[in-house]
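What follows is a short report on a single structure.
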Amino acid sequence: MSVEESRAPTHALSAAAARVADAFSASLSRRLAFDAPYRHYLIEGAFPADVADQLATLPFAAPTLDGVSGRRELHNDKRSYFDAAGMARFPVMRDVAEALQSPGIVRLIAETFNAPIDDTFLRLEYAQDVDGFWLEPHTDLGVKKFTCLIYLSDGPGHQNLGTDIYWSKERHYGVSPFKRGAAMIFVPADNTWHGFEKRPIEGVRRSVILNYVTHEWRAREQLSYPEHPVRL
């Protein structure tokens with residue numbers, strides 16, 4: 001990774017990144033809040049429509065599960081991120097990362113959700129899930145200090161592919177709405193159980209997983225700006 005590639009944006013946002021920041025900010029202002037089974041939020045229009053369209057069609061190869069699923073880390077070698085290489089290859093990834101690294105958006109997230117993200121790192125995963133995928137219930141508690149699951153794909157039946165939400169690891173609650181640009185948000189705690197029940201996936205279920213993670217995150221290569229924590 002070159003110095004230029006790893007440098008966090010410290011200047012005024014580019015016009016493209018500012019559009020992303022404006023859309024994300026507006027979507028948060030329209031958020032719907034829910035207390036059951038834990039405090040979580042739903043938003044729509046997280047990105048400008050054209051940005052969401054570009055993200056939904058990025059030419060990353062879909063993973064092969066080889067009959068194994070349940071945890072994303074089982075396929076670490078097939079995962080994609082808004083990392084230095086991704087941002088250099090696809091300007092739309094750079095624009096999104098620049099917006100979500102910006103102090104204005106970081107401050108907005110921290111204040112809106114009481115999220116402890118000062119001095120954390122931006123991690124954006126470009127997730128692609130195929131038929132046979134499932135994800136065991138988990139909480140994200142630990143090094144992840146904020147989670148936003150942003151949905152992208154709109155293939156046949158994808159409206160039924162939202163995140164599964166649980167009262168507990170064993171007790172299902174419901175499913176978040178899945179549509180392009182919509183998202184589910186929560187601040188990880190010991191009760192923020194979520195996952196994905198195995199069900200048919202036609203094509204590829206695409207989403208962006210937005211996290212802010214602590215200095216203890218070991219896989220530094222996954223981070224957008226591994227040398228630059230976000231600041232309020």
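We name chains A, B, ... following the order of the structure tokens; residues begin at 1 in each chain, and ligands are numbered from 1 as shown.
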Checklist entry - Can you tell me, as a PyMOL selection string, what residues are no more than 7 Å from stretch 154-169 of chain A when counting only C-alpha atoms, ignoring any on the same chain fewer than 3 positions away? => result chain A and resi 37+137+172-180+191+193-197+202-203
Residue contacts of A:Ala33 (10 Å, only C-alpha atoms) excluding same-chain residues fewer than 2 positions away, as a PDB file with C-alpha atoms, in the first residue's frame:
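Result saved to out-v1.pdb:
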```pdb
ATOM      1  CA  ARG A  30     -35.536  10.181   8.492  1.00  0.00           C
ATOM      2  CA  ARG A  31     -34.593   7.118  10.565  1.00  0.00           C
ATOM      3  CA  ASP A  35     -36.941  -0.747  20.882  1.00  0.00           C
ATOM      4  CA  ALA A  36     -37.814  -4.413  20.346  1.00  0.00           C
ATOM      5  CA  ARG A  39     -32.697  -0.649  20.053  1.00  0.00           C
ATOM      6  CA  HIS A  40     -32.217  -0.583  16.292  1.00  0.00           C
ATOM      7  CA  TYR A  41     -32.986   1.702  13.401  1.00  0.00           C
ATOM      8  CA  LEU A  42     -34.096   1.461   9.781  1.00  0.00           C
ATOM      9  CA  ILE A  43     -33.226   3.972   7.106  1.00  0.00           C
ATOM     10  CA  ILE A 185     -28.415   0.133  12.167  1.00  0.00           C
ATOM     11  CA  PHE A 186     -27.504  -0.710  15.763  1.00  0.00           C
TER      12      PHE A 186
END
```
What's around A:Ile209 at 7 Å? Count only C-alpha atoms, leave out sequence neighbours fewer than 5 positions away in its own chain, and write the answer as an mmCIF file with N, CA and C atoms, in the first residue's frame.
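As written to disk, selection.cif reads:
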```cif
data_model
loop_
_atom_site.group_PDB
_atom_site.id
_atom_site.type_symbol
_atom_site.label_atom_id
_atom_site.label_comp_id
_atom_site.auth_asym_id
_atom_site.auth_seq_id
_atom_site.Cartn_x
_atom_site.Cartn_y
_atom_site.Cartn_z
ATOM 1 N N LEU A 124 -15.370 -1.156 5.771
ATOM 2 C CA LEU A 124 -16.491 -1.334 4.855
ATOM 3 C C LEU A 124 -16.278 -2.624 4.073
ATOM 4 N N GLU A 125 -17.186 -3.566 4.241
ATOM 5 C CA GLU A 125 -17.103 -4.821 3.495
ATOM 6 C C GLU A 125 -18.146 -4.829 2.390
ATOM 7 N N TYR A 126 -17.729 -5.280 1.216
ATOM 8 C CA TYR A 126 -18.656 -5.478 0.106
ATOM 9 C C TYR A 126 -19.065 -6.948 0.147
ATOM 10 N N ALA A 127 -20.230 -7.209 0.722
ATOM 11 C CA ALA A 127 -20.647 -8.589 0.977
ATOM 12 C C ALA A 127 -21.472 -9.130 -0.181
ATOM 13 N N CYS A 148 -23.879 -0.895 10.552
ATOM 14 C CA CYS A 148 -24.910 -0.454 9.618
ATOM 15 C C CYS A 148 -24.871 -1.400 8.430
ATOM 16 N N LEU A 149 -25.960 -2.123 8.210
ATOM 17 C CA LEU A 149 -26.056 -3.113 7.142
ATOM 18 C C LEU A 149 -26.866 -2.503 6.006
ATOM 19 N N ILE A 150 -26.187 -2.145 4.914
ATOM 20 C CA ILE A 150 -26.794 -1.400 3.817
ATOM 21 C C ILE A 150 -27.040 -2.347 2.648
#
```
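Running DSSP on the backbone gives strand (DSSP E) for these residues within stretch 38-116 of chain A: His40, Tyr41, Leu42, Ile43, Ser80 and Tyr81 of chain A.
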Restricting the output to N, CA and C atoms, write the selected residues as a tab-separated table (two decimals), in the first residue's frame.
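Resulting contents of selection_1.tsv:
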```
chain	number	residue	atom	x	y	z
A	40	HIS	N	-32.79	-0.57	17.63
A	40	HIS	CA	-32.22	-0.58	16.29
A	40	HIS	C	-32.98	0.40	15.43
A	41	TYR	N	-32.45	0.66	14.26
A	41	TYR	CA	-32.99	1.70	13.40
A	41	TYR	C	-33.04	1.20	11.96
A	42	LEU	N	-34.00	1.74	11.21
A	42	LEU	CA	-34.10	1.46	9.78
A	42	LEU	C	-34.04	2.78	9.03
A	43	ILE	N	-33.30	2.79	7.95
A	43	ILE	CA	-33.23	3.97	7.11
A	43	ILE	C	-33.42	3.57	5.65
A	80	SER	N	-14.46	-9.10	0.08
A	80	SER	CA	-14.00	-7.88	-0.56
A	80	SER	C	-14.28	-6.68	0.35
A	81	TYR	N	-13.42	-5.67	0.26
A	81	TYR	CA	-13.50	-4.53	1.15
A	81	TYR	C	-13.26	-3.22	0.40
```
Write out as JSON lines the residues of stretch 2-52 of chain A that have any atom within 9 Å of an atom of stretch 91-99 of chain A, one row each with the nearest atom pair and its distance in Å to one decimal, counting only C-alpha atoms, sorted by chain and then rising number.
```
{"residue": "A:Ala8", "atom": "CA", "partner": "A:Glu98", "partner_atom": "CA", "distance": 7.7}
{"residue": "A:Pro9", "atom": "CA", "partner": "A:Glu98", "partner_atom": "CA", "distance": 6.3}
{"residue": "A:Leu13", "atom": "CA", "partner": "A:Ala99", "partner_atom": "CA", "distance": 7.2}
{"residue": "A:Ser14", "atom": "CA", "partner": "A:Asp95", "partner_atom": "CA", "distance": 7.8}
{"residue": "A:Ala15", "atom": "CA", "partner": "A:Asp95", "partner_atom": "CA", "distance": 8.9}
{"residue": "A:Ala16", "atom": "CA", "partner": "A:Asp95", "partner_atom": "CA", "distance": 6.0}
{"residue": "A:Ala17", "atom": "CA", "partner": "A:Asp95", "partner_atom": "CA", "distance": 4.4}
{"residue": "A:Ala18", "atom": "CA", "partner": "A:Ala99", "partner_atom": "CA", "distance": 6.4}
{"residue": "A:Arg19", "atom": "CA", "partner": "A:Ala99", "partner_atom": "CA", "distance": 8.4}
{"residue": "A:Val20", "atom": "CA", "partner": "A:Ala99", "partner_atom": "CA", "distance": 6.1}
{"residue": "A:Ala21", "atom": "CA", "partner": "A:Ala99", "partner_atom": "CA", "distance": 5.0}
{"residue": "A:Asp22", "atom": "CA", "partner": "A:Ala99", "partner_atom": "CA", "distance": 8.7}
{"residue": "A:Phe24", "atom": "CA", "partner": "A:Ala99", "partner_atom": "CA", "distance": 8.7}
{"residue": "A:Phe47", "atom": "CA", "partner": "A:Val96", "partner_atom": "CA", "distance": 8.4}
{"residue": "A:Val51", "atom": "CA", "partner": "A:Val92", "partner_atom": "CA", "distance": 6.8}
```
With N, CA and C atoms retained, write the just-selected residues as a PDB file, in the first residue's frame.
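Below is the file that was written, again25.pdb:
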```
ATOM      1  N   ALA A   8      -5.671   9.253   4.720  1.00  0.00           N
ATOM      2  CA  ALA A   8      -7.058   9.620   4.982  1.00  0.00           C
ATOM      3  C   ALA A   8      -7.332  11.012   4.430  1.00  0.00           C
ATOM      4  N   PRO A   9      -8.561  11.253   3.947  1.00  0.00           N
ATOM      5  CA  PRO A   9      -8.888  12.577   3.434  1.00  0.00           C
ATOM      6  C   PRO A   9      -8.926  13.601   4.564  1.00  0.00           C
ATOM      7  N   LEU A  13     -14.267  17.636   1.460  1.00  0.00           N
ATOM      8  CA  LEU A  13     -14.727  16.490   0.684  1.00  0.00           C
ATOM      9  C   LEU A  13     -14.811  16.832  -0.793  1.00  0.00           C
ATOM     10  N   SER A  14     -14.485  15.855  -1.631  1.00  0.00           N
ATOM     11  CA  SER A  14     -14.718  16.012  -3.058  1.00  0.00           C
ATOM     12  C   SER A  14     -16.219  16.159  -3.293  1.00  0.00           C
ATOM     13  N   ALA A  15     -16.583  16.660  -4.459  1.00  0.00           N
ATOM     14  CA  ALA A  15     -18.004  16.836  -4.768  1.00  0.00           C
ATOM     15  C   ALA A  15     -18.744  15.504  -4.713  1.00  0.00           C
ATOM     16  N   ALA A  16     -18.111  14.447  -5.220  1.00  0.00           N
ATOM     17  CA  ALA A  16     -18.763  13.132  -5.228  1.00  0.00           C
ATOM     18  C   ALA A  16     -18.943  12.605  -3.806  1.00  0.00           C
ATOM     19  N   ALA A  17     -17.911  12.756  -2.973  1.00  0.00           N
ATOM     20  CA  ALA A  17     -18.014  12.293  -1.589  1.00  0.00           C
ATOM     21  C   ALA A  17     -19.022  13.127  -0.812  1.00  0.00           C
ATOM     22  N   ALA A  18     -19.080  14.417  -1.106  1.00  0.00           N
ATOM     23  CA  ALA A  18     -20.047  15.283  -0.421  1.00  0.00           C
ATOM     24  C   ALA A  18     -21.474  14.853  -0.728  1.00  0.00           C
ATOM     25  N   ARG A  19     -21.745  14.416  -1.965  1.00  0.00           N
ATOM     26  CA  ARG A  19     -23.078  13.914  -2.314  1.00  0.00           C
ATOM     27  C   ARG A  19     -23.422  12.698  -1.464  1.00  0.00           C
ATOM     28  N   VAL A  20     -22.453  11.819  -1.282  1.00  0.00           N
ATOM     29  CA  VAL A  20     -22.680  10.629  -0.459  1.00  0.00           C
ATOM     30  C   VAL A  20     -22.952  11.040   0.978  1.00  0.00           C
ATOM     31  N   ALA A  21     -22.131  11.949   1.488  1.00  0.00           N
ATOM     32  CA  ALA A  21     -22.302  12.404   2.870  1.00  0.00           C
ATOM     33  C   ALA A  21     -23.662  13.059   3.064  1.00  0.00           C
ATOM     34  N   ASP A  22     -24.089  13.866   2.112  1.00  0.00           N
ATOM     35  CA  ASP A  22     -25.388  14.534   2.213  1.00  0.00           C
ATOM     36  C   ASP A  22     -26.530  13.522   2.224  1.00  0.00           C
ATOM     37  N   PHE A  24     -26.380  10.315   3.078  1.00  0.00           N
ATOM     38  CA  PHE A  24     -26.331   9.524   4.304  1.00  0.00           C
ATOM     39  C   PHE A  24     -26.879  10.327   5.473  1.00  0.00           C
ATOM     40  N   PHE A  47     -27.480   5.983   0.323  1.00  0.00           N
ATOM     41  CA  PHE A  47     -26.596   6.535  -0.695  1.00  0.00           C
ATOM     42  C   PHE A  47     -27.441   7.194  -1.784  1.00  0.00           C
ATOM     43  N   VAL A  51     -25.253   6.119  -6.910  1.00  0.00           N
ATOM     44  CA  VAL A  51     -24.163   5.487  -6.173  1.00  0.00           C
ATOM     45  C   VAL A  51     -24.557   4.075  -5.760  1.00  0.00           C
TER      46      VAL A  51
END
```
At a cut-off of 9 Å, using only C-alpha atoms, what residues contact A:Leu122? Leave out same-chain residues fewer than 3 positions from it and give the result as a compact mmCIF listing (two decimals) with N, CA and C atoms, in the first residue's frame.
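Saved the output as result-v9.txt:
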```txt
# COMPACT_ATOMS: atom_id res chain seq x y z
N ALA A 97 -16.12 5.77 1.08
CA ALA A 97 -15.20 5.73 2.21
C ALA A 97 -14.83 7.14 2.67
N LEU A 100 -17.71 8.60 4.70
CA LEU A 100 -17.93 7.97 6.00
C LEU A 100 -16.74 8.12 6.94
N GLN A 101 -15.60 8.55 6.42
CA GLN A 101 -14.44 8.88 7.23
C GLN A 101 -14.49 10.33 7.70
N LEU A 210 -21.07 -1.73 7.07
CA LEU A 210 -20.33 -0.59 7.62
C LEU A 210 -20.10 -0.81 9.10
N ASN A 211 -18.84 -0.82 9.49
CA ASN A 211 -18.47 -0.88 10.91
C ASN A 211 -17.41 0.17 11.20
N TYR A 212 -17.42 0.64 12.44
CA TYR A 212 -16.28 1.35 12.99
C TYR A 212 -15.71 0.44 14.06
N VAL A 213 -14.42 0.14 13.96
CA VAL A 213 -13.80 -0.87 14.81
C VAL A 213 -12.63 -0.27 15.60
N LEU A 223 -9.25 -2.37 6.42
CA LEU A 223 -9.68 -1.02 6.76
C LEU A 223 -9.46 -0.06 5.60
N SER A 224 -10.32 0.94 5.51
CA SER A 224 -10.18 1.92 4.45
C SER A 224 -8.95 2.80 4.66
N TYR A 225 -8.71 3.20 5.89
CA TYR A 225 -7.58 4.08 6.23
C TYR A 225 -6.90 3.54 7.48
N PRO A 226 -6.11 2.49 7.33
CA PRO A 226 -5.59 1.78 8.51
C PRO A 226 -4.65 2.60 9.38
N HIS A 228 -5.28 5.86 10.02
CA HIS A 228 -5.97 7.08 10.38
C HIS A 228 -7.31 6.78 11.05
N PRO A 229 -7.36 6.75 12.38
CA PRO A 229 -8.65 6.59 13.06
C PRO A 229 -9.54 7.79 12.82
N VAL A 230 -10.83 7.57 12.90
CA VAL A 230 -11.79 8.67 12.74
C VAL A 230 -11.79 9.49 14.02
```
Checklist entry - Nearest to A:Val187 among A:Ser153, A:Asn114, A:Thr120, A:Thr57, with distances taken over only C-alpha atoms: which residue is it? => result A:Asn114
